[in-house]
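*Asks:* Next up, protein.pdb (PDB, C-alpha atoms).
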```pdb
MODEL        1
ATOM      1  CA  GLN Z  20      66.473  31.509 -17.841
ATOM      2  CA  ALA Z  21      68.395  32.741 -14.834
ATOM      3  CA  GLN Z  22      68.542  36.473 -14.258
ATOM      4  CA  LEU Z  23      70.250  38.582 -11.622
ATOM      5  CA  THR Z  24      68.751  42.004 -10.976
ATOM      6  CA  GLU Z  25      70.728  44.546  -9.003
ATOM      7  CA  SER Z  26      69.459  47.601  -7.175
ATOM      8  CA  GLY Z  27      70.390  49.933  -4.352
ATOM      9  CA  GLY Z  28      73.106  52.064  -5.868
ATOM     10  CA  GLY Z  29      73.067  55.820  -5.748
ATOM     11  CA  LEU Z  30      74.757  58.969  -4.519
ATOM     12  CA  VAL Z  31      75.857  59.163  -0.894
ATOM     13  CA  GLN Z  32      78.124  61.392   1.143
ATOM     14  CA  ALA Z  33      81.386  60.119   2.538
ATOM     15  CA  GLY Z  34      80.763  58.240   5.764
ATOM     16  CA  GLY Z  35      77.345  57.112   4.612
ATOM     17  CA  THR Z  36      75.832  53.673   4.075
ATOM     18  CA  LEU Z  37      74.354  51.860   1.107
ATOM     19  CA  ARG Z  38      72.973  48.376   0.730
ATOM     20  CA  LEU Z  39      73.090  46.799  -2.697
ATOM     21  CA  SER Z  40      70.696  43.991  -3.622
ATOM     22  CA  CYS Z  41      71.058  41.212  -6.158
ATOM     23  CA  THR Z  42      67.878  39.202  -6.704
ATOM     24  CA  VAL Z  43      67.892  35.897  -8.541
ATOM     25  CA  SER Z  44      65.033  34.705 -10.730
ATOM     26  CA  GLY Z  45      64.530  31.869 -13.175
ATOM     27  CA  ILE Z  46      66.643  29.327 -11.316
ATOM     28  CA  GLU Z  47      66.617  27.612  -7.951
ATOM     29  CA  PHE Z  48      68.380  29.824  -5.440
ATOM     30  CA  LYS Z  49      71.269  27.675  -4.201
ATOM     31  CA  PRO Z  50      74.432  29.681  -4.767
ATOM     32  CA  ASN Z  51      77.707  27.859  -4.226
ATOM     33  CA  SER Z  52      79.485  31.168  -4.003
ATOM     34  CA  VAL Z  53      78.695  34.855  -4.015
ATOM     35  CA  GLY Z  54      81.017  37.565  -5.205
ATOM     36  CA  TRP Z  55      80.757  41.315  -5.455
ATOM     37  CA  TYR Z  56      83.040  43.257  -7.768
ATOM     38  CA  ARG Z  57      83.446  46.885  -8.650
ATOM     39  CA  GLN Z  58      84.894  48.779 -11.555
ATOM     40  CA  ALA Z  59      85.828  52.432 -11.476
ATOM     41  CA  PRO Z  60      86.397  54.445 -14.663
ATOM     42  CA  GLY Z  61      89.747  53.612 -16.206
ATOM     43  CA  LYS Z  62      90.414  50.807 -13.741
ATOM     44  CA  GLN Z  63      90.194  47.053 -13.804
ATOM     45  CA  ARG Z  64      87.318  45.237 -12.178
ATOM     46  CA  GLU Z  65      88.256  44.301  -8.620
ATOM     47  CA  LEU Z  66      86.835  41.866  -6.107
ATOM     48  CA  VAL Z  67      85.379  43.457  -2.969
ATOM     49  CA  ALA Z  68      83.732  40.418  -1.376
ATOM     50  CA  ALA Z  69      83.642  36.672  -1.843
ATOM     51  CA  VAL Z  70      81.543  34.269   0.203
ATOM     52  CA  THR Z  71      81.189  30.507   0.070
ATOM     53  CA  ARG Z  72      79.584  28.089   2.504
ATOM     54  CA  ALA Z  73      82.954  27.661   4.205
ATOM     55  CA  ALA Z  74      84.616  31.036   4.132
ATOM     56  CA  SER Z  75      84.465  34.712   3.293
ATOM     57  CA  TYR Z  76      87.012  37.124   1.933
ATOM     58  CA  TYR Z  77      87.210  40.893   1.898
ATOM     59  CA  PRO Z  78      90.248  42.813   0.670
ATOM     60  CA  ASP Z  79      91.892  45.218   3.077
ATOM     61  CA  SER Z  80      90.401  48.192   1.225
ATOM     62  CA  VAL Z  81      86.883  47.271   2.406
ATOM     63  CA  LYS Z  82      87.435  44.919   5.334
ATOM     64  CA  GLY Z  83      85.401  45.974   8.337
ATOM     65  CA  ARG Z  84      83.204  48.241   6.210
ATOM     66  CA  PHE Z  85      81.562  45.872   3.686
ATOM     67  CA  ALA Z  86      79.589  42.711   4.432
ATOM     68  CA  VAL Z  87      77.629  40.166   2.389
ATOM     69  CA  TYR Z  88      74.270  38.874   3.555
ATOM     70  CA  ILE Z  89      72.118  36.187   1.972
ATOM     71  CA  ASP Z  90      68.324  35.997   2.297
ATOM     72  CA  ASN Z  91      67.217  32.624   0.987
ATOM     73  CA  ALA Z  92      63.534  33.457   1.468
ATOM     74  CA  LYS Z  93      63.881  36.407  -0.921
ATOM     75  CA  ASN Z  94      66.366  34.820  -3.354
ATOM     76  CA  THR Z  95      68.535  37.834  -2.708
ATOM     77  CA  VAL Z  96      72.096  38.582  -1.739
ATOM     78  CA  TYR Z  97      73.112  41.921  -0.292
ATOM     79  CA  LEU Z  98      76.269  43.941  -0.047
ATOM     80  CA  GLU Z  99      76.089  46.323   2.888
ATOM     81  CA  MET Z 100      78.611  49.116   2.639
ATOM     82  CA  ASN Z 101      79.333  51.311   5.645
ATOM     83  CA  ASN Z 102      81.597  54.307   6.170
ATOM     84  CA  LEU Z 103      81.793  54.843   2.437
ATOM     85  CA  LYS Z 104      84.713  56.727   0.963
ATOM     86  CA  PRO Z 105      85.056  58.633  -2.331
ATOM     87  CA  GLU Z 106      87.420  55.891  -3.553
ATOM     88  CA  ASP Z 107      84.520  53.423  -3.290
ATOM     89  CA  THR Z 108      82.893  55.154  -6.271
ATOM     90  CA  ALA Z 109      82.385  52.554  -9.003
ATOM     91  CA  VAL Z 110      79.887  50.325 -10.741
ATOM     92  CA  TYR Z 111      79.228  47.304  -8.544
ATOM     93  CA  TYR Z 112      78.414  43.849  -9.896
ATOM     94  CA  CYS Z 113      77.183  40.691  -8.200
ATOM     95  CA  ASP Z 114      78.477  37.320  -9.342
ATOM     96  CA  LEU Z 115      76.837  34.066  -8.311
ATOM     97  CA  ARG Z 116      77.836  30.528  -9.072
ATOM     98  CA  ILE Z 117      74.742  28.317  -9.096
ATOM     99  CA  GLN Z 118      74.977  24.645 -10.015
ATOM    100  CA  ASP Z 119      77.693  24.589 -12.687
ATOM    101  CA  SER Z 120      77.130  28.063 -14.112
ATOM    102  CA  GLU Z 121      78.154  31.610 -13.319
ATOM    103  CA  TYR Z 122      75.759  34.527 -13.446
ATOM    104  CA  TRP Z 123      76.353  38.285 -13.329
ATOM    105  CA  GLY Z 124      74.163  41.183 -12.405
ATOM    106  CA  GLN Z 125      73.830  44.174 -14.696
ATOM    107  CA  GLY Z 126      75.736  46.496 -12.396
ATOM    108  CA  THR Z 127      74.664  49.409 -10.231
ATOM    109  CA  GLN Z 128      76.409  52.756  -9.870
ATOM    110  CA  VAL Z 129      77.671  53.881  -6.477
ATOM    111  CA  THR Z 130      78.934  57.432  -6.163
ATOM    112  CA  VAL Z 131      80.431  58.737  -2.927
ATOM    113  CA  SER Z 132      80.884  62.475  -2.604
ATOM    114  CA  SER Z 133      83.500  64.049  -0.355
TER
ENDMDL
END
```
Could you show the structure in this file as structure tokens?

*Replies:*
Amino acid sequence: QAQLTESGGGLVQAGGTLRLSCTVSGIEFKPNSVGWYRQAPGKQRELVAAVTRAASYYPDSVKGRFAVYIDNAKNTVYLEMNNLKPEDTAVYYCDLRIQDSEYWGQGTQVTVSS
């Protein structure tokens, strides 16, 4: 059974850097697309990164600061977040589409202090 395990969240000061990891197990690692979402308290879940084989998308709120990397040897996708701001505080989720199914990570908390 496929499982996505997230790690890398934590507390960081504004201007700092975090790298979130999302490791896939139980299924062949051939994602058709990778997405990272976040959800802050009282707010809707929002997309912060989307990557396919052909294109990538980052909303203006994170463009130039966030980037997705994929390590096929480690079955892992990463979200590198630079120059973090207090408004980036949220629970972050990875979302992978593999074969014909969609899989979600359990979420990891990111807190940015001012």

*Asks:* For region 87-89 of chain Z, list every protein, DNA or RNA residue within 7 Å, evaluated using only C-alpha atoms, and leave out those in the same chain fewer than 4 positions away; present the list as an NGL selection string.

*Replies:* :Z and (95-99)

*Asks:* Report the residues retrieved by the PyMOL selection byres ((chain Z and resi 74) around 12) from the displayed file, expressed as a list in words.

*Replies:*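 Taken on the displayed file, the PyMOL selection byres ((chain Z and resi 74) around 12) yields the residues Asn51, Ser52, Val53, Gly54, Ala68, Ala69, Val70, Thr71, Arg72, Ala73, Ser75, Tyr76, Tyr77 and Val87 of chain Z.
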
*Asks:* Apply the PyMOL selection byres ((chain Z and resi 105) around 7) to the structure shown and report the selected residues as a VMD selection string.

*Replies:* chain Z and resid 33 103 to 104 106 to 108 131 to 133

*Asks:* Smallest atom-to-atom distance to Leu37 (chain Z): which of Z:Met100, Z:Ser120, Z:Val129, Z:Leu115, using all atoms listed in the file?

*Replies:*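 Ranking Z:Met100, Z:Ser120, Z:Val129, Z:Leu115 by distance to Leu37 (chain Z), first place goes to Z:Met100.
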
*Asks:* Calculate how many Å separate CA of Thr24 (chain Z) from CA of Leu66 (chain Z), rounding to one decimal.

*Replies:*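 Rounded to one decimal, the two atoms are 18.7 Å apart.
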
*Asks:* Which residues match the PyMOL selection byres ((chain Z and resi 122) around 10) in the file above, as a ChimeraX atom specification?

*Replies:* /Z:21-23,43,53,113-117,120-121,123-125

*Asks:* Would you mind telling me which residue in Z:Thr127, Z:Gln32, Z:Ser26, Z:Gln20 lies nearest to Asn101 (chain Z) when using only C-alpha atoms?

*Replies:*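 For Asn101 (chain Z), the nearest of the candidates is Z:Gln32.
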
*Asks:* Here is a test: counting all atoms listed in the file, which residue of Z:Gly35, Z:Gly83, Z:Gly45, Z:Pro60 is nearest to Tyr111 (chain Z)?

*Replies:*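 When distances to Tyr111 (chain Z) are compared using all atoms listed in the file, the smallest one comes from Z:Pro60.
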
*Asks:* To one decimal in Å, tell me the separation between CA of Arg57 (chain Z) and CA of Thr36 (chain Z).

*Replies:* 16.3 Å
